[in-house]
Each structure stands twice: as structure tokens, then as C-alpha cells.
Amino acid sequence: MRSYWFGDVDEQGCTRAGGEVATLVHRLRSLTAPDGKIIPPDWKLAMECGAVTDRPDYLGKLRTISLLLAREKVAATLGGKEAELIQMVILLDGMDQAANQLGERLADWYRVLHPLEGWKYRPRDSRKVLGRIREDSEGPMRETLEGILGLRETRTRLAREIGDCAAGILPNSSALIGGLVAARLMTLAGGLSPLARLPASSIQVLGARGALFSHLTRGTPPPKHGIIYQHMRVHNAPGHARGRVARVLAGRLAIAARIDFYRGMLDAEFIAQADGMIESVGRRG
Amino acid sequence: MIWIGDTLLSPGEAGVYGERVMAGHRVWDPYRSKLAALYHLGKGIELSASMRVLYLGAAHGTTVSHVSDYVEVVYAVEVAPRPVQDLLEVAERRRNVIPILADAGHPEEYAPLVEEVDLIFQDVASPAQADIAIRNRDFLSPGGHLLLVVKTRAIDTAADPTEVEERVREELGARYTILDSTWLLPYHRDHVAFTCKR
């Protein structure tokens, strides 16, 4: 038997797929060609089984169904909480970059006004320079500074919201590594479903692409960690234990991501057990 | 097909993507569309009113809209959801465009939707472009044609494009009769179009 959008076809003839448009679309979602063999339907079959009345009707109905099916698929990938979280993370990174870059530019401008002061031996990185600008500037310079500071405040609020949002979508991963880093991992993987399919070793080095490929092509030392370094569990661990903590954490994260995707609920028992495991591995000398 | 002097046109309601209009028809720009480039070079398969077309790599649907001006129906397959948003807008305004969000490398996914066609036009960025053309061969009617635009850089960025063309020709020749191959210069760089028959 072969299934087409209008019905099922076998030796006896064609059986019409019944129901409203929504039912037909639903049926199509799981329909594929069995054994991968492609036998295109003759549209007259659809007329025989009473699904359509003539050629324009065939194309009209097919078009309606295809439009609905495509719309549904677009909405599923480009809409929803998960896609929103990804965009929020990308925006956050953009804000960081913009604030830092503008800060540097502004500090450069300020330094030009004080050409006789050296900066290298004074504790005056651009952040401190910004403090001085605040005290003795006006006009556009001052306004730019206010803009940067405002952007930073927004950034902090956005980061908090990302954390809240991540706790809903990635409850277990967030519990292990914090909402922000969990959201970053998901963004790098391209979504929750791809993240849940990654092996632990990939999760461990997500975000360390450069280091990983220079290891593979030029034989430099392999990266111990990627984005998970941002969590204090990893970067607070003593140097000699860092790789070990990162590896064990990534292993637990791989499981956590799967629970997040397939179950979608916090598993307190798993978290407690995983926490204990990561702690003990960090303490071991 | 409709030409005024050196300009290729297509009949239809104007204003799909800001294309120019000439004598009430839509100008089909060879620098934007690889299919139009092929026609400007005097090659390809003429479109006609009774034709059914399977279009692989529909993207935003600009070329699709021109093809749909000429033929009976276009089955437009595109894998990326972002451009499909635009493709859907084109499809909503045209009665003969069937939009399909699917991977052209997995034709079994859309096999329940697509009937036998007279022409397959393929313009996808994939290292497996020849393989995709072969996998979709069963949609072609006997004697139907394939127009395959090969982005040689998508197959191998470093290799010499003519060498990539040779590789594709060999792979394609096993399942299709190759009638012609044409580089799309000066309109598109490193693109070669194969005209084949099932």
C-alpha cells in the first residue's frame, strides 16, 4: 500500500483519506514513502476515490493542505519559548560586545583630551576611565557614557530574565550549571533537541571550537572545557582538577539535557546525586 | 517564453519582490536568478503552460514566482524555515505554487505530496548536489528533464570548479542522459548548469 495526501492506494484501488483539512494535515505529518521508494501518484486516482472533483480541485486542495503543513512546521521551529530563549542569549552577547566596544572608544576619546598622562602604570583600565568621564565631562561624551551604563543595566536585567526562562525550559541543566550557561549551551547546540542528542564529550567542549580544531589539525593540547568554564564549579576548581570537574560535569549535563527534553521536569533526586558526584571529584587531590 | 529585446519577462501580477515591470510583464533578472541566466545564455528547457515542475531549493521564492507565471504547477521544496516564511507569502498569492518545507535530500518525506513532473529544477547549496538530483529522479516522467545548477563552491571550496564539474558529470551520468552543461558566466560565478534527460 502507498499513502498519498488524498488517500491510500493498493491493488484494489484507492481509499480516500477522510476528514477535515486539519485531519488531513495531521495524517500527513507522519506520512513518508515506505522503503524510501518513490512512486508519484497519478492525480486521477484522487478523482477515482472521490477526494477531488477535477484537476483544479486537486491542485486547490493540495495547495491548502501544503500551506497549512508548511506554516505549522515554520511555527514549530521559528516560534515558541525555545526559539525565544536562543534569541535572548544572542541579544545578550550582542549587548556585551556593544557595551565593551563603545566603552573602549569612549575611553580613547577621553585619553586624547589628556595626552600628557601615561596610562600603562596607573590602575586605569577603560572601566576606571569611564568613572573619571562621569566626573568631568558633559555633552555628547557624557551622554554616550550614560548610554553605555544604561545598556549595562539592561544587560543585567536581560541576563536575569534568561535565567528565569531557562529554569522553565531546561530545569535540570539549569540546576546543575545555572540558567545562563545552560541557555548558552542550548544556543550553541542549536536547540533543546539537538542538545539532548549530543554526547557528553561534545557538551564539554561546546564553545571551544577554535581550540578543538587546532587540537585536531595541529596537535595542540585538547581543550578541557568550553562554555561550561563560565560556571564557578569549573573555573573555581584548582588547575589540576579543572579538566576532571569539567568532564564529570559534562557527563551529568548530557543526562540532564535528556531529562529536560524528554521529561521536561526537575528531577531533584538526580540533581542531588549529580551535585554530590561533581563536588567529590573537585575535592579529590 | 516572453522576450522584449534582450529582456526576459514573465506574465503575472507584479510586485512580488520589487522586480521591474516592462510592458505589463515582470522582468526576470539573470543576475538574480540562475534559471533566468540559463535562458539568457540560450540554454535550458522552455517553460510552457501545461508543465508540472518540481523546484528543489526554492529559497525565498523569487525564481519560483517567475516559473509559476509560466507553468501549470510548481512544487517548491525548501529546507530552511526562515526563507520559507517568505516563500509562503509568495505561495499565498499564487494558486499554482505548492510550498513544501522539507529536505531535498530526503524525497521520501514529501513523496506523498508530489505527483509526476515534466521538469525538475534544482538549485541547492549542498556538497551532495548530484546525489540529490539522483534521489529525486523518480518524480520525473519518462522523457522529463532535469535542470541542475551546481554551485561548485558548495561541493569543494578549494578545488578548481572545472574539476568539480567533472566529478558531478560522472556521478550524474550514471542515472541521467546529460544533454548539455553551461557555465553561468557572466551572471553567476562558479556555477555550472546541467541539462539532463531521464
# chains A, B, ... in the order shown; residues from 1 in each chain; ligands from 1
call {"tool": "closest_atom_pairs", "arguments": {"of": "chain A", "to": "chain B", "cutoff": "10 Å", "atoms": "only C-alpha atoms", "output": "CSV"}}
result
residue,atom,partner,partner_atom,distance
A:Arg2,CA,B:Pro112,CA,8.4
A:Ser3,CA,B:Pro112,CA,6.3
A:Tyr4,CA,B:Pro112,CA,4.1
A:Trp5,CA,B:Pro112,CA,5.5
A:Phe6,CA,B:Pro112,CA,8.6
A:Gly7,CA,B:Pro112,CA,9.3
A:Asp8,CA,B:Pro112,CA,9.8
A:Leu28,CA,B:Pro112,CA,7.9
A:Arg29,CA,B:Glu109,CA,9.2
A:Ser30,CA,B:Glu109,CA,8.9
A:Leu31,CA,B:Pro112,CA,7.0
A:Thr32,CA,B:Glu109,CA,5.0
A:Ala33,CA,B:Glu108,CA,4.8
A:Pro34,CA,B:Glu108,CA,7.7
A:Asp35,CA,B:Glu108,CA,8.6
A:Gly36,CA,B:Glu108,CA,5.4
A:Lys37,CA,B:Glu108,CA,7.1
A:Ile38,CA,B:Asp138,CA,5.9
A:Ile39,CA,B:Asp138,CA,6.8
A:Pro40,CA,B:Glu115,CA,4.7
A:Pro41,CA,B:Glu115,CA,5.1
A:Asp42,CA,B:Glu115,CA,6.4
A:Trp43,CA,B:Glu115,CA,7.0
A:Pro56,CA,B:Asn96,CA,9.5
A:Leu59,CA,B:Asn96,CA,7.2
A:Gly60,CA,B:Arg95,CA,7.2
A:Leu62,CA,B:Ile98,CA,7.4
A:Arg63,CA,B:Ile98,CA,5.2
A:Thr64,CA,B:Ile98,CA,8.5
A:Ile65,CA,B:Ile98,CA,9.0
A:Ser66,CA,B:Pro99,CA,6.0
A:Leu67,CA,B:Pro99,CA,6.2
A:Leu68,CA,B:Pro99,CA,9.5
A:Leu69,CA,B:Ile100,CA,8.0
A:Ala70,CA,B:Leu101,CA,5.5
A:Arg71,CA,B:Leu88,CA,7.7
A:Glu72,CA,B:Leu101,CA,9.8
A:Lys73,CA,B:Leu101,CA,7.2
A:Val74,CA,B:Pro81,CA,5.3
A:Ala75,CA,B:Pro81,CA,8.7
A:Ala76,CA,B:Pro81,CA,9.5
A:Thr77,CA,B:Pro81,CA,7.1
A:Leu78,CA,B:Pro81,CA,7.1
call {"tool": "select_by_dssp", "arguments": {"residues": "range 44-142 of chain B", "states": "strand (DSSP E or B)", "output": "VMD selection string"}}
result
chain B and resid 52 to 56 73 to 78 97 to 101 117 to 122 140 to 142
call {"tool": "write_last_selection", "arguments": {"atoms": "C-alpha atoms", "output": "mmCIF file, in the first residue's frame"}}
result
data_model
loop_
_atom_site.group_PDB
_atom_site.id
_atom_site.type_symbol
_atom_site.label_atom_id
_atom_site.label_comp_id
_atom_site.auth_asym_id
_atom_site.auth_seq_id
_atom_site.Cartn_x
_atom_site.Cartn_y
_atom_site.Cartn_z
ATOM 1 C CA ARG B 52 4.449 20.489 -13.908
ATOM 2 C CA VAL B 53 7.666 21.487 -12.173
ATOM 3 C CA LEU B 54 9.467 20.237 -9.077
ATOM 4 C CA TYR B 55 11.639 23.042 -7.765
ATOM 5 C CA LEU B 56 14.342 21.981 -5.283
ATOM 6 C CA VAL B 73 2.041 23.976 -11.076
ATOM 7 C CA VAL B 74 5.302 24.338 -9.125
ATOM 8 C CA TYR B 75 6.135 22.051 -6.217
ATOM 9 C CA ALA B 76 8.550 24.251 -4.267
ATOM 10 C CA VAL B 77 10.814 22.435 -1.805
ATOM 11 C CA GLU B 78 12.968 24.335 0.679
ATOM 12 C CA VAL B 97 2.618 27.081 -6.005
ATOM 13 C CA ILE B 98 2.702 24.132 -3.585
ATOM 14 C CA PRO B 99 5.154 25.044 -0.787
ATOM 15 C CA ILE B 100 6.946 22.158 0.934
ATOM 16 C CA LEU B 101 9.245 22.568 3.918
ATOM 17 C CA VAL B 117 6.546 16.207 -13.104
ATOM 18 C CA ASP B 118 7.892 17.220 -16.503
ATOM 19 C CA LEU B 119 10.778 19.250 -15.181
ATOM 20 C CA ILE B 120 12.953 19.268 -12.090
ATOM 21 C CA PHE B 121 14.886 22.439 -11.413
ATOM 22 C CA GLN B 122 17.475 22.118 -8.686
ATOM 23 C CA LEU B 140 10.331 12.746 -13.403
ATOM 24 C CA SER B 141 8.036 11.491 -16.125
ATOM 25 C CA PRO B 142 9.728 9.344 -18.776
#
call {"tool": "closest_residue", "arguments": {"among": "B:Asp156, B:Glu13, B:Glu166, B:Glu46", "to": "Val27 in chain B", "atoms": "only C-alpha atoms"}}
result
B:Glu13
call {"tool": "atom_distance", "arguments": {"atom1": "CA of Arg184 in chain A", "atom2": "CA of Ile90 in chain A"}}
result
8.7 Å
call {"tool": "residues_around", "arguments": {"residues": "Ala254 in chain A", "least_positions_apart": "2", "cutoff": "9 Å", "atoms": "only C-alpha atoms", "output": "ChimeraX atom specification"}}
result
/A:173,195-201,203,249-252,256-259
